[in-house]
$ cat run-v6.txt   # compact mmCIF, C-alpha atoms
# COMPACT_ATOMS: atom_id res chain seq x y z
CA MET A 1 89.08 133.65 71.63
CA ALA A 2 87.61 132.58 74.95
CA LYS A 3 89.84 130.82 77.40
CA LEU A 4 89.13 127.20 78.22
CA HIS A 5 88.42 126.00 81.72
CA VAL A 6 90.53 122.93 82.47
CA GLU A 7 90.31 120.73 85.56
CA THR A 8 93.35 118.58 86.14
CA THR A 9 95.47 117.04 88.88
CA ILE A 10 99.02 118.30 89.26
CA ASN A 11 101.39 116.73 91.78
CA GLY A 12 98.44 115.19 93.59
CA GLU A 13 96.40 118.40 93.88
CA SER A 14 93.19 119.11 92.01
CA THR A 15 93.78 122.22 89.96
CA GLU A 16 91.52 124.44 87.88
CA ILE A 17 93.11 126.63 85.26
CA LEU A 18 92.13 128.84 82.34
CA VAL A 19 94.15 128.16 79.21
CA ASP A 20 94.26 129.64 75.74
CA PRO A 21 93.37 126.96 73.18
CA GLN A 22 96.77 127.25 71.51
CA GLN A 23 98.77 127.12 74.76
CA SER A 24 100.99 124.08 75.21
CA LEU A 25 100.94 122.18 78.49
CA LEU A 26 104.48 123.48 79.08
CA GLU A 27 103.31 127.09 78.72
CA THR A 28 100.30 126.34 80.90
CA LEU A 29 102.53 124.97 83.66
CA ARG A 30 105.14 127.67 83.45
CA ASP A 31 103.12 130.81 82.68
CA GLY A 32 99.74 129.87 84.16
CA LEU A 33 100.71 127.93 87.26
CA MET A 34 104.23 129.31 87.79
CA LEU A 35 105.56 125.75 87.89
CA THR A 36 108.78 126.72 86.15
CA GLY A 37 110.71 123.50 86.83
CA ALA A 38 109.89 122.00 83.44
CA LYS A 39 112.09 123.86 80.96
CA GLU A 40 111.68 124.95 77.37
CA GLY A 41 114.72 123.72 75.46
CA CYS A 42 114.00 122.95 71.83
CA ASN A 43 110.20 123.38 71.97
CA ASP A 44 109.82 120.67 69.31
CA GLY A 45 109.99 117.38 71.21
CA ASN A 46 113.67 116.59 70.84
CA CYS A 47 115.48 117.62 74.00
CA GLY A 48 113.36 116.31 76.88
CA ALA A 49 113.84 119.36 79.14
CA CYS A 50 110.03 119.77 79.36
CA THR A 51 109.33 116.14 80.33
CA VAL A 52 106.43 115.56 82.72
CA ILE A 53 104.54 112.40 83.67
CA MET A 54 100.98 112.42 82.34
CA ASP A 55 98.69 109.54 83.34
CA GLY A 56 101.68 107.36 84.16
CA ARG A 57 103.69 108.04 80.99
CA THR A 58 106.45 110.54 80.31
CA VAL A 59 105.54 113.08 77.63
CA ASN A 60 107.06 116.18 76.10
CA SER A 61 104.83 118.87 77.60
CA CYS A 62 105.76 121.19 74.71
CA LEU A 63 103.87 118.84 72.36
CA VAL A 64 100.72 118.56 74.48
CA LEU A 65 97.97 121.17 74.41
CA GLY A 66 97.03 122.63 77.77
CA ALA A 67 93.46 121.73 76.81
CA GLU A 68 94.46 118.05 76.72
CA ALA A 69 95.27 118.18 80.45
CA GLN A 70 91.54 117.93 81.26
CA ASP A 71 91.07 115.06 83.76
CA ALA A 72 94.73 114.09 83.50
CA ASP A 73 97.05 113.24 86.38
CA ILE A 74 100.32 115.11 85.94
CA THR A 75 103.58 114.92 87.88
CA THR A 76 106.17 117.66 87.41
CA ILE A 77 109.60 118.07 88.97
CA GLU A 78 107.96 120.16 91.72
CA GLY A 79 106.20 116.97 92.86
CA LEU A 80 109.34 114.93 93.57
CA ALA A 81 110.62 116.34 96.87
CA THR A 82 108.51 116.03 100.01
CA PRO A 83 108.59 118.09 103.23
CA ARG A 84 110.84 115.34 104.57
CA GLY A 85 113.49 116.05 101.97
CA LEU A 86 114.66 115.47 98.44
CA HIS A 87 113.65 112.45 96.38
CA PRO A 88 116.46 109.83 96.37
CA LEU A 89 117.04 110.61 92.69
CA GLN A 90 117.54 114.30 93.43
CA GLN A 91 119.92 113.38 96.27
CA ALA A 92 121.86 111.01 94.02
CA PHE A 93 122.16 113.67 91.29
CA LEU A 94 123.65 116.03 93.88
CA GLU A 95 126.05 113.45 95.28
CA ASN A 96 127.23 112.38 91.82
CA ALA A 97 127.48 115.98 90.58
CA ALA A 98 125.25 114.85 87.73
CA LEU A 99 124.52 118.36 86.53
CA GLN A 100 126.20 121.59 85.55
CA CYS A 101 123.88 124.28 84.22
CA GLY A 102 120.79 122.40 85.34
CA ILE A 103 118.48 123.15 82.41
CA CYS A 104 118.16 119.48 81.43
CA THR A 105 118.03 118.22 85.03
CA PRO A 106 114.25 118.38 85.69
CA GLY A 107 113.67 116.36 82.51
CA PHE A 108 116.30 113.80 83.47
CA LEU A 109 114.85 113.47 86.98
CA ILE A 110 111.29 113.00 85.72
CA SER A 111 112.38 110.46 83.09
CA SER A 112 114.47 108.62 85.68
CA LYS A 113 111.57 108.58 88.15
CA SER A 114 109.32 107.06 85.52
CA LEU A 115 111.99 104.41 84.80
CA LEU A 116 112.34 103.46 88.46
CA ASP A 117 108.55 103.45 88.92
CA SER A 118 108.27 100.72 86.28
CA ASN A 119 111.65 99.03 86.76
CA PRO A 120 113.14 99.53 90.24
CA ASN A 121 116.30 97.57 89.44
CA PRO A 122 117.48 98.64 85.98
CA SER A 123 120.75 97.64 84.36
CA GLU A 124 123.08 100.35 83.09
CA GLU A 125 121.97 99.55 79.56
CA GLU A 126 118.31 99.94 80.52
CA VAL A 127 119.06 103.33 82.10
CA ARG A 128 120.88 104.47 78.95
CA PHE A 129 118.08 103.20 76.69
CA TRP A 130 115.43 104.94 78.79
CA LEU A 131 117.27 108.27 78.97
CA ALA A 132 118.32 108.36 75.30
CA GLY A 133 116.79 111.54 73.97
CA ASN A 134 117.03 113.50 77.19
CA LEU A 135 119.79 115.80 76.03
CA CYS A 136 122.50 117.28 78.24
CA ARG A 137 124.95 119.71 76.64
CA CYS A 138 127.26 120.20 79.65
CA THR A 139 128.40 117.14 81.55
CA GLY A 140 128.08 114.13 79.37
CA TYR A 141 125.94 111.33 80.59
CA ASP A 142 128.09 109.04 82.75
CA LYS A 143 127.45 110.86 86.02
CA ILE A 144 123.74 110.99 85.29
CA VAL A 145 123.61 107.25 84.62
CA ARG A 146 125.62 106.55 87.79
CA ALA A 147 123.27 108.76 89.80
CA VAL A 148 120.20 106.86 88.57
CA LEU A 149 121.83 103.51 89.40
CA ASP A 150 122.81 104.81 92.86
CA ALA A 151 119.28 106.08 93.50
CA ALA A 152 117.84 102.70 92.51
CA LYS A 153 120.15 100.99 95.01
CA GLU A 154 119.30 103.55 97.69
CA MET A 155 115.55 103.18 97.16
CA LYS A 156 115.83 99.39 97.29
CA ALA A 157 117.77 99.57 100.57
CA GLY A 158 115.26 102.07 101.95
CA ASN A 159 112.31 99.80 101.28
CA MET D 1 100.70 129.22 67.66
CA HIS D 2 97.63 130.66 65.96
CA ASP D 3 94.19 130.61 67.55
CA PHE D 4 91.78 127.71 67.09
CA THR D 5 88.82 125.96 68.69
CA VAL D 6 89.36 122.57 70.36
CA HIS D 7 86.71 119.85 70.19
CA HIS D 8 86.66 116.73 72.37
CA PRO D 9 84.34 114.17 70.75
CA GLN D 10 83.64 110.95 72.67
CA SER D 11 82.61 108.71 69.79
CA LEU D 12 83.70 107.98 66.23
CA GLN D 13 80.32 109.12 64.92
CA GLU D 14 80.65 112.46 66.71
CA THR D 15 84.18 112.84 65.30
CA LEU D 16 83.07 112.12 61.75
CA ILE D 17 80.25 114.64 62.01
CA LEU D 18 82.72 117.31 63.14
CA LEU D 19 85.12 116.39 60.32
CA ASP D 20 82.29 116.58 57.79
CA ARG D 21 81.12 119.93 59.12
CA PHE D 22 84.51 121.67 59.22
CA GLY D 23 86.23 119.98 56.26
CA ASP D 24 89.66 121.43 55.49
CA ALA D 25 89.34 123.93 58.34
CA ALA D 26 89.81 121.06 60.84
CA GLN D 27 92.75 118.90 61.83
CA LEU D 28 92.56 115.79 63.95
CA ILE D 29 95.00 115.63 66.84
CA ALA D 30 96.02 112.14 67.94
CA GLY D 31 99.38 112.01 69.75
CA GLY D 32 100.13 115.56 68.62
CA THR D 33 103.85 115.00 68.14
CA ALA D 34 103.75 115.94 64.46
CA LEU D 35 100.77 118.31 64.38
CA MET D 36 102.03 120.49 67.24
CA ASN D 37 105.30 121.11 65.43
CA PHE D 38 103.55 121.78 62.11
CA MET D 39 101.35 124.35 63.83
CA LYS D 40 104.26 125.94 65.69
CA GLN D 41 105.96 126.40 62.33
CA SER D 42 102.73 127.74 60.77
CA LEU D 43 102.77 124.92 58.20
CA LEU D 44 99.20 124.09 59.23
CA LEU D 45 96.75 126.68 60.49
CA PRO D 46 93.51 124.81 61.25
CA GLU D 47 90.60 126.77 62.72
CA HIS D 48 89.38 123.65 64.50
CA ILE D 49 91.31 120.95 66.35
CA ILE D 50 89.45 117.69 66.91
CA ASN D 51 91.06 115.82 69.81
CA LEU D 52 90.82 112.02 69.43
CA GLN D 53 92.09 111.11 72.90
CA ARG D 54 88.62 110.43 74.31
CA VAL D 55 87.09 108.71 71.29
CA GLN D 56 85.99 105.18 72.18
CA GLY D 57 86.81 102.19 69.99
CA LEU D 58 90.20 103.21 68.59
CA GLN D 59 92.47 101.71 71.29
CA HIS D 60 92.39 97.97 70.65
CA ILE D 61 95.06 95.41 69.77
CA GLN D 62 93.32 92.18 68.72
CA SER D 63 94.17 89.09 66.76
CA THR D 64 92.16 86.52 64.87
CA LYS D 65 93.44 83.47 63.02
CA ASP D 66 94.22 85.51 59.91
CA GLU D 67 95.12 88.99 61.06
CA VAL D 68 96.10 91.42 63.79
CA ARG D 69 94.01 94.56 64.16
CA ILE D 70 95.36 97.70 65.79
CA GLY D 71 93.14 100.69 66.60
CA ALA D 72 94.30 104.00 65.17
CA MET D 73 94.86 105.56 68.61
CA VAL D 74 97.14 102.81 69.93
CA LYS D 75 100.41 104.43 70.94
CA HIS D 76 103.81 103.44 69.58
CA ARG D 77 104.94 102.39 73.04
CA GLU D 78 101.92 100.08 73.42
CA ILE D 79 102.76 98.31 70.16
CA GLU D 80 106.41 97.97 71.22
CA LYS D 81 105.40 96.45 74.59
CA SER D 82 102.40 94.34 73.51
CA ASN D 83 102.90 90.62 74.13
CA LEU D 84 100.44 89.86 71.36
CA ILE D 85 102.43 91.92 68.83
CA GLN D 86 105.78 90.60 70.08
CA ASN D 87 104.55 87.03 69.57
CA GLU D 88 102.58 87.38 66.36
CA VAL D 89 104.32 90.20 64.46
CA PRO D 90 107.73 90.54 66.15
CA ILE D 91 109.13 92.83 63.43
CA LEU D 92 106.38 95.35 64.22
CA ALA D 93 107.29 95.50 67.93
CA SER D 94 111.00 95.85 67.13
CA THR D 95 110.30 98.54 64.52
CA TYR D 96 108.18 100.65 66.86
CA ARG D 97 110.88 100.28 69.54
CA ARG D 98 113.24 102.19 67.23
CA VAL D 99 111.06 105.29 66.84
CA ALA D 100 112.47 108.48 68.41
CA THR D 101 112.35 108.47 72.24
CA ILE D 102 110.17 106.82 74.88
CA ARG D 103 108.40 110.16 75.42
CA ILE D 104 107.49 110.41 71.75
CA ARG D 105 106.44 106.75 71.68
CA ASN D 106 104.24 107.41 74.73
CA MET D 107 102.37 110.04 72.71
CA ALA D 108 102.51 109.21 69.00
CA THR D 109 99.85 106.83 67.64
CA ILE D 110 99.86 104.31 64.80
CA GLY D 111 97.07 106.11 62.94
CA GLY D 112 98.51 109.58 63.47
CA GLY D 113 101.95 108.46 62.33
CA LEU D 114 100.58 106.95 59.12
CA ALA D 115 98.37 109.97 58.36
CA HIS D 116 101.51 112.11 58.77
CA ALA D 117 102.96 110.14 55.83
CA ASP D 118 106.60 110.83 56.58
CA PRO D 119 108.62 108.26 54.60
CA ALA D 120 111.60 108.62 56.96
CA GLN D 121 109.70 107.28 59.96
CA ASP D 122 110.32 103.68 61.00
CA PRO D 123 106.85 102.07 60.84
CA PRO D 124 105.95 102.77 57.18
CA SER D 125 108.59 100.51 55.59
CA THR D 126 107.71 97.66 57.96
CA LEU D 127 103.96 98.04 57.44
CA VAL D 128 104.55 98.10 53.69
CA ALA D 129 106.55 94.86 53.92
CA LEU D 130 103.76 93.36 56.07
CA ASN D 131 101.12 94.16 53.40
CA ALA D 132 99.11 96.08 55.98
CA ARG D 133 95.68 97.41 55.12
CA ILE D 134 94.28 100.69 56.38
CA ARG D 135 90.68 101.06 57.45
CA ILE D 136 89.25 104.50 56.78
CA ALA D 137 85.93 105.98 57.94
CA SER D 138 83.91 109.02 56.95
CA ILE D 139 80.36 110.18 57.59
CA SER D 140 79.27 108.35 54.43
CA GLY D 141 80.83 104.97 55.22
CA GLU D 142 84.00 102.94 55.39
CA ARG D 143 86.68 101.68 53.03
CA THR D 144 89.84 99.63 53.42
CA ILE D 145 92.91 100.27 51.29
CA SER D 146 96.35 98.77 50.90
CA ILE D 147 98.98 100.73 52.77
CA MET D 148 100.74 101.28 49.43
CA ASP D 149 97.74 103.38 48.38
CA LEU D 150 97.89 105.56 51.50
CA PHE D 151 101.22 107.24 50.82
CA GLN D 152 101.23 109.78 47.98
CA ASN D 153 104.28 111.98 48.53
CA TYR D 154 106.31 113.52 51.34
CA TYR D 155 103.78 114.22 54.13
CA GLU D 156 100.89 113.60 51.72
CA ASN D 157 98.31 110.86 52.25
CA SER D 158 95.39 109.82 50.09
CA LEU D 159 92.66 110.54 52.65
CA MET D 160 89.78 112.57 51.28
CA PRO D 161 88.34 115.52 53.25
CA GLY D 162 86.14 114.11 56.02
CA GLU D 163 88.01 110.81 56.20
CA MET D 164 90.12 109.43 59.04
CA ILE D 165 92.13 106.27 59.70
CA THR D 166 90.39 104.03 62.24
CA GLU D 167 92.38 100.79 62.17
CA VAL D 168 95.47 99.10 60.77
CA ILE D 169 95.04 95.47 59.72
CA ILE D 170 98.07 93.21 59.46
CA PRO D 171 97.90 89.75 57.88
CA SER D 172 99.23 87.10 60.30
CA MET D 173 102.79 85.95 59.76
CA HIS D 174 103.40 82.23 59.28
CA SER D 175 105.35 80.68 62.12
CA ASP D 176 108.22 79.80 59.76
CA THR D 177 108.49 83.35 58.44
CA LYS D 178 111.65 85.22 59.42
CA SER D 179 112.01 88.99 59.57
CA THR D 180 114.28 91.86 60.51
CA TYR D 181 114.18 95.64 60.68
CA LEU D 182 117.49 97.41 60.11
CA LYS D 183 117.80 101.13 60.74
CA PHE D 184 120.95 102.90 59.64
CA LEU D 185 121.49 105.43 62.37
CA PRO D 186 124.88 107.12 62.15
CA ARG D 187 124.04 110.09 64.39
CA THR D 188 122.02 109.65 67.58
CA ALA D 189 119.77 106.91 68.99
CA ASP D 190 116.63 109.02 68.66
CA ASP D 191 117.19 110.19 65.07
CA TYR D 192 115.26 109.39 61.91
CA ALA D 193 116.78 106.65 59.78
CA THR D 194 119.29 107.58 57.12
CA VAL D 195 118.07 104.43 55.38
CA SER D 196 115.84 101.68 56.77
CA VAL D 197 115.11 98.16 55.54
CA SER D 198 112.22 95.92 56.59
CA LEU D 199 112.60 92.34 55.41
CA ILE D 200 110.15 89.46 55.70
CA ALA D 201 111.02 86.09 54.16
CA THR D 202 109.89 82.48 54.09
CA LEU D 203 112.35 79.78 53.06
CA ASN D 204 111.88 76.26 51.83
CA GLU D 205 115.18 74.56 52.60
CA ASN D 206 117.60 76.70 50.62
CA ILE D 207 114.97 78.22 48.30
CA VAL D 208 113.40 81.64 48.87
CA ARG D 209 109.69 80.85 48.86
CA ASP D 210 108.44 84.38 49.59
CA VAL D 211 110.17 87.66 50.34
CA ARG D 212 108.96 91.22 50.91
CA ILE D 213 111.34 94.15 51.30
CA GLY D 214 110.23 97.61 52.46
CA LEU D 215 112.59 100.57 52.25
CA GLY D 216 112.25 103.78 54.26
CA ALA D 217 113.82 107.24 54.03
CA VAL D 218 114.93 106.72 50.42
CA ALA D 219 111.98 108.07 48.41
CA PRO D 220 108.94 110.37 48.71
CA THR D 221 107.00 107.40 50.10
CA PRO D 222 108.03 104.09 51.65
CA ILE D 223 108.66 101.66 48.80
CA ARG D 224 108.79 97.94 48.10
CA ALA D 225 112.04 96.72 46.54
CA THR D 226 110.09 94.74 43.96
CA ILE D 227 113.02 94.04 41.61
CA ALA D 228 115.02 92.54 44.45
CA GLU D 229 111.99 90.51 45.56
CA GLU D 230 111.53 89.04 42.06
CA THR D 231 115.26 88.38 41.79
CA LEU D 232 115.13 86.30 44.99
CA LYS D 233 111.81 84.48 44.73
CA GLY D 234 112.07 80.81 43.79
CA HIS D 235 115.86 80.83 43.73
CA ALA D 236 118.47 79.08 45.83
CA ILE D 237 120.24 81.36 48.29
CA SER D 238 123.81 82.25 47.38
CA ASP D 239 126.16 85.16 47.95
CA GLU D 240 125.83 86.11 44.29
CA LEU D 241 122.03 86.10 44.42
CA ILE D 242 122.01 88.30 47.51
CA GLN D 243 124.47 90.74 45.92
CA GLN D 244 122.45 90.90 42.71
CA ALA D 245 119.19 91.51 44.60
CA SER D 246 120.80 94.17 46.82
CA ASN D 247 122.32 96.01 43.86
CA SER D 248 118.89 96.26 42.22
CA VAL D 249 117.50 98.55 44.93
CA ALA D 250 119.66 101.38 43.55
CA GLN D 251 117.27 101.52 40.56
CA GLN D 252 114.22 101.92 42.79
CA VAL D 253 115.32 104.45 45.41
CA ASP D 254 115.07 108.23 44.95
CA PRO D 255 116.60 109.76 48.09
CA LEU D 256 117.13 113.43 48.98
CA ASP D 257 120.40 115.12 49.86
CA ASP D 258 120.24 116.27 53.46
CA PHE D 259 122.40 116.46 56.60
CA ARG D 260 122.10 112.68 57.01
CA GLY D 261 123.94 112.16 53.74
CA SER D 262 123.94 112.87 50.02
CA ALA D 263 121.52 111.13 47.71
CA ASP D 264 124.41 109.08 46.30
CA TYR D 265 125.49 108.01 49.77
CA LYS D 266 121.96 106.98 50.72
CA ARG D 267 121.62 105.01 47.48
CA ASP D 268 124.81 103.13 48.38
CA MET D 269 123.62 102.60 51.94
CA ALA D 270 120.28 101.24 50.68
CA ILE D 271 122.30 98.54 48.88
CA VAL D 272 124.49 97.86 51.91
CA PHE D 273 121.61 97.59 54.38
CA THR D 274 119.47 95.49 52.05
CA LYS D 275 122.40 93.12 51.74
CA ARG D 276 122.92 92.98 55.50
CA ALA D 277 119.22 92.30 56.07
CA LEU D 278 119.24 89.53 53.46
CA GLN D 279 122.38 87.95 54.90
CA GLN D 280 120.91 88.06 58.39
CA VAL D 281 117.55 86.56 57.47
CA LEU D 282 118.48 84.21 54.60
CA GLN D 283 121.90 83.05 55.77
CA GLY D 284 121.76 83.59 59.54
CA PRO D 285 121.12 80.85 62.11
CA SER D 286 117.56 79.57 61.79

$ encode --input "run-v6.txt" --output "structure tokens"
Amino acid sequence: MAKLHVETTINGESTEILVDPQQSLLETLRDGLMLTGAKEGCNDGNCGACTVIMDGRTVNSCLVLGAEAQDADITTIEGLATPRGLHPLQQAFLENAALQCGICTPGFLISSKSLLDSNPNPSEEEVRFWLAGNLCRCTGYDKIVRAVLDAAKEMKAGN
Amino acid sequence: MHDFTVHHPQSLQETLILLDRFGDAAQLIAGGTALMNFMKQSLLLPEHIINLQRVQGLQHIQSTKDEVRIGAMVKHREIEKSNLIQNEVPILASTYRRVATIRIRNMATIGGGLAHADPAQDPPSTLVALNARIRIASISGERTISIMDLFQNYYENSLMPGEMITEVIIPSMHSDTKSTYLKFLPRTADDYATVSVSLIATLNENIVRDVRIGLGAVAPTPIRATIAEETLKGHAISDELIQQASNSVAQQVDPLDDFRGSADYKRDMAIVFTKRALQQVLQGPS
């Protein structure tokens, strides 16, 4: 079957890609664009390791067709750091040791970014509600929650 | 996944023409959260995928004096966050807030979820208790059915080939109507319910004027606990009445054994959660 020509915006850059109709957005990112930050965990929408922001909302990229990325605006983990340094969330995850194996981390960072984009001053409960369903099998969640709260404070002070 | 052709219609008419042309060889994709998994597991192997994301006219949340209308492509998260829904049908906002994770709610749509016809999802029992109606379109016209007539069996809806859900219509709730959605969730926050109860009631002093009880995850379709409803209607609220009504749901449920519990356990929990919902709504602070 012919490949589809898809025009999309990824991390602020206009991108043209050829996708197989049955390719998921996750496969398109990882195999087509070599953006391997988003991870395949469960591949059925449960674990959140493949989370990306699509048109302002977090989605499981394993449940989106690559073909649906046409005209979309997508942010992946590769879009968080800038040449000036890490995103405050990434820095806070490092400082709080909020990761062990790291497979879930891109999903947590993207979900946390989307939380802070819409709610810059979340309570602990709001952080836990928002991140429920991003699964970590190593560390437990306390350090992750603390890191998000620290990053929120840091970003507020930085503004 | 298998190979297929993707179509991106812009209008309802264009969509219905594609559906008519391809019949059973086509599947609509709305949020994709169910369909993608069914295709990954080879449970569905459509030759054509018709993407509804760009179809105009399916994204509205509107209210009139008598009803609230929600377009089929409105996402779960939009229903949860809608001020209109929170004010006019609060149980619907709180029910959608309980579905899976924010990511899933950002993708899954009201129409797609209902067409999926999974009785363990949260919205069906609430929409059943709300007496929702489902608007359905095909190339040859439109029809509107009661939500009770949509669900046929596990993952089976009553749509004919060429038909699609376009809108969900919810009768307005009276301002003195009280409601609650209880989801028994013994495992994780993002799980399906082990048992769920949607309760809507109107009281006149101490008398139950009207009551509707929807139960989820306890039968091949969402069900109404009609025996309990009849037991309660027109009677004065008492502990005994609530116990009697709650006990009656055991006769109406038909749950499956699975890793969320045995059928016997779920039958017991249907009683327990019906009772809790009734206590909360009928005996709680007004």

$ interface_residues --input "run-v6.txt" --of "chain A" --to "chain D" --cutoff "6 Å" --atoms "all atoms listed in the file" --output "list in words"
Gln22, Asp44, Thr58, Val59, Leu63 and Gly133 of chain A

$ residues_around --input "run-v6.txt" --residues "range 193-208 of chain D" --least-positions-apart "6" --cutoff "8 Å" --atoms "all atoms listed in the file" --output "ChimeraX atom specification"
/D:120-122,125-126,129-130,176-186,214-218,232-237,260-261,266,269-270,273-274,277-278,281-282

$ residues_around --input "run-v6.txt" --residues "Leu25 in chain A" --least-positions-apart "5" --cutoff "6 Å" --atoms "only C-alpha atoms" --output "PDB file with C-alpha atoms, in the coordinates of the input"
ATOM      1  CA  SER A  61     104.830 118.870  77.600  1.00  0.00           C
ATOM      2  CA  VAL A  64     100.720 118.560  74.480  1.00  0.00           C
ATOM      3  CA  LEU A  65      97.970 121.170  74.410  1.00  0.00           C
ATOM      4  CA  GLY A  66      97.030 122.630  77.770  1.00  0.00           C
TER       5      GLY A  66
END

$ atom_distance --input "run-v6.txt" --atom1 "CA of Phe151 in chain D" --atom2 "CA of Leu114 in chain D"
8.3 Å

$ closest_residue --input "run-v6.txt" --among "D:Leu256, D:Ile136, D:Leu43, D:Met164" --to "Pro119 in chain D" --atoms "all atoms listed in the file"
D:Leu256

$ residues_around --input "run-v6.txt" --residues "His5 in chain A" --least-positions-apart "4" --cutoff "7 Å" --atoms "only C-alpha atoms" --output "VMD selection string"
chain A and resid 17 to 19

$ residues_near_point --input "run-v6.txt" --point "(106.8, 100.6, 91.7)" --cutoff "12 Å" --atoms "all atoms listed in the file" --output "short mmCIF file (atom, residue, chain, number, x, y, z; two decimals) with C-alpha atoms, keeping the file's coordinate frame"
data_model
loop_
_atom_site.label_atom_id
_atom_site.label_comp_id
_atom_site.auth_asym_id
_atom_site.auth_seq_id
_atom_site.Cartn_x
_atom_site.Cartn_y
_atom_site.Cartn_z
CA GLY A 56 101.68 107.36 84.16
CA LYS A 113 111.57 108.58 88.15
CA SER A 114 109.32 107.06 85.52
CA LEU A 115 111.99 104.41 84.80
CA LEU A 116 112.34 103.46 88.46
CA ASP A 117 108.55 103.45 88.92
CA SER A 118 108.27 100.72 86.28
CA ASN A 119 111.65 99.03 86.76
CA PRO A 120 113.14 99.53 90.24
CA ASN A 121 116.30 97.57 89.44
CA ALA A 152 117.84 102.70 92.51
CA MET A 155 115.55 103.18 97.16
CA LYS A 156 115.83 99.39 97.29
CA ASN A 159 112.31 99.80 101.28
#

$ atom_distance --input "run-v6.txt" --atom1 "CA of Ala228 in chain D" --atom2 "CA of Arg209 in chain D"
13.6 Å

$ residues_near_point --input "run-v6.txt" --point "(96.2, 116.2, 88.1)" --cutoff "9 Å" --atoms "all atoms listed in the file" --output "CSV table (one decimal) with C-alpha atoms, keeping the file's coordinate frame"
chain,number,residue,atom,x,y,z
A,7,GLU,CA,90.3,120.7,85.6
A,8,THR,CA,93.4,118.6,86.1
A,9,THR,CA,95.5,117.0,88.9
A,10,ILE,CA,99.0,118.3,89.3
A,11,ASN,CA,101.4,116.7,91.8
A,12,GLY,CA,98.4,115.2,93.6
A,13,GLU,CA,96.4,118.4,93.9
A,14,SER,CA,93.2,119.1,92.0
A,15,THR,CA,93.8,122.2,90.0
A,54,MET,CA,101.0,112.4,82.3
A,55,ASP,CA,98.7,109.5,83.3
A,69,ALA,CA,95.3,118.2,80.4
A,70,GLN,CA,91.5,117.9,81.3
A,71,ASP,CA,91.1,115.1,83.8
A,72,ALA,CA,94.7,114.1,83.5
A,73,ASP,CA,97.0,113.2,86.4
A,74,ILE,CA,100.3,115.1,85.9
A,75,THR,CA,103.6,114.9,87.9

$ closest_residue --input "run-v6.txt" --among "D:Arg133, D:Lys275, D:His76, D:Arg143" --to "Glu240 in chain D" --atoms "only C-alpha atoms"
D:Lys275

$ atom_distance --input "run-v6.txt" --atom1 "CA of Gly71 in chain D" --atom2 "CA of Gln152 in chain D"
22.2 Å

$ closest_residue --input "run-v6.txt" --among "D:Val168, D:Ala132, D:Ala25, D:Ile242" --to "Ile271 in chain D" --atoms "only C-alpha atoms"
D:Ile242

$ closest_residue --input "run-v6.txt" --among "A:Gly79, A:Leu26, A:Asp20, A:Lys39" --to "Gly102 in chain A" --atoms "only C-alpha atoms"
A:Lys39

$ residues_around --input "run-v6.txt" --residues "range 156-159 of chain D" --least-positions-apart "6" --cutoff "7 Å" --atoms "only C-alpha atoms" --output "VMD selection string"
chain D and resid 115 117 150
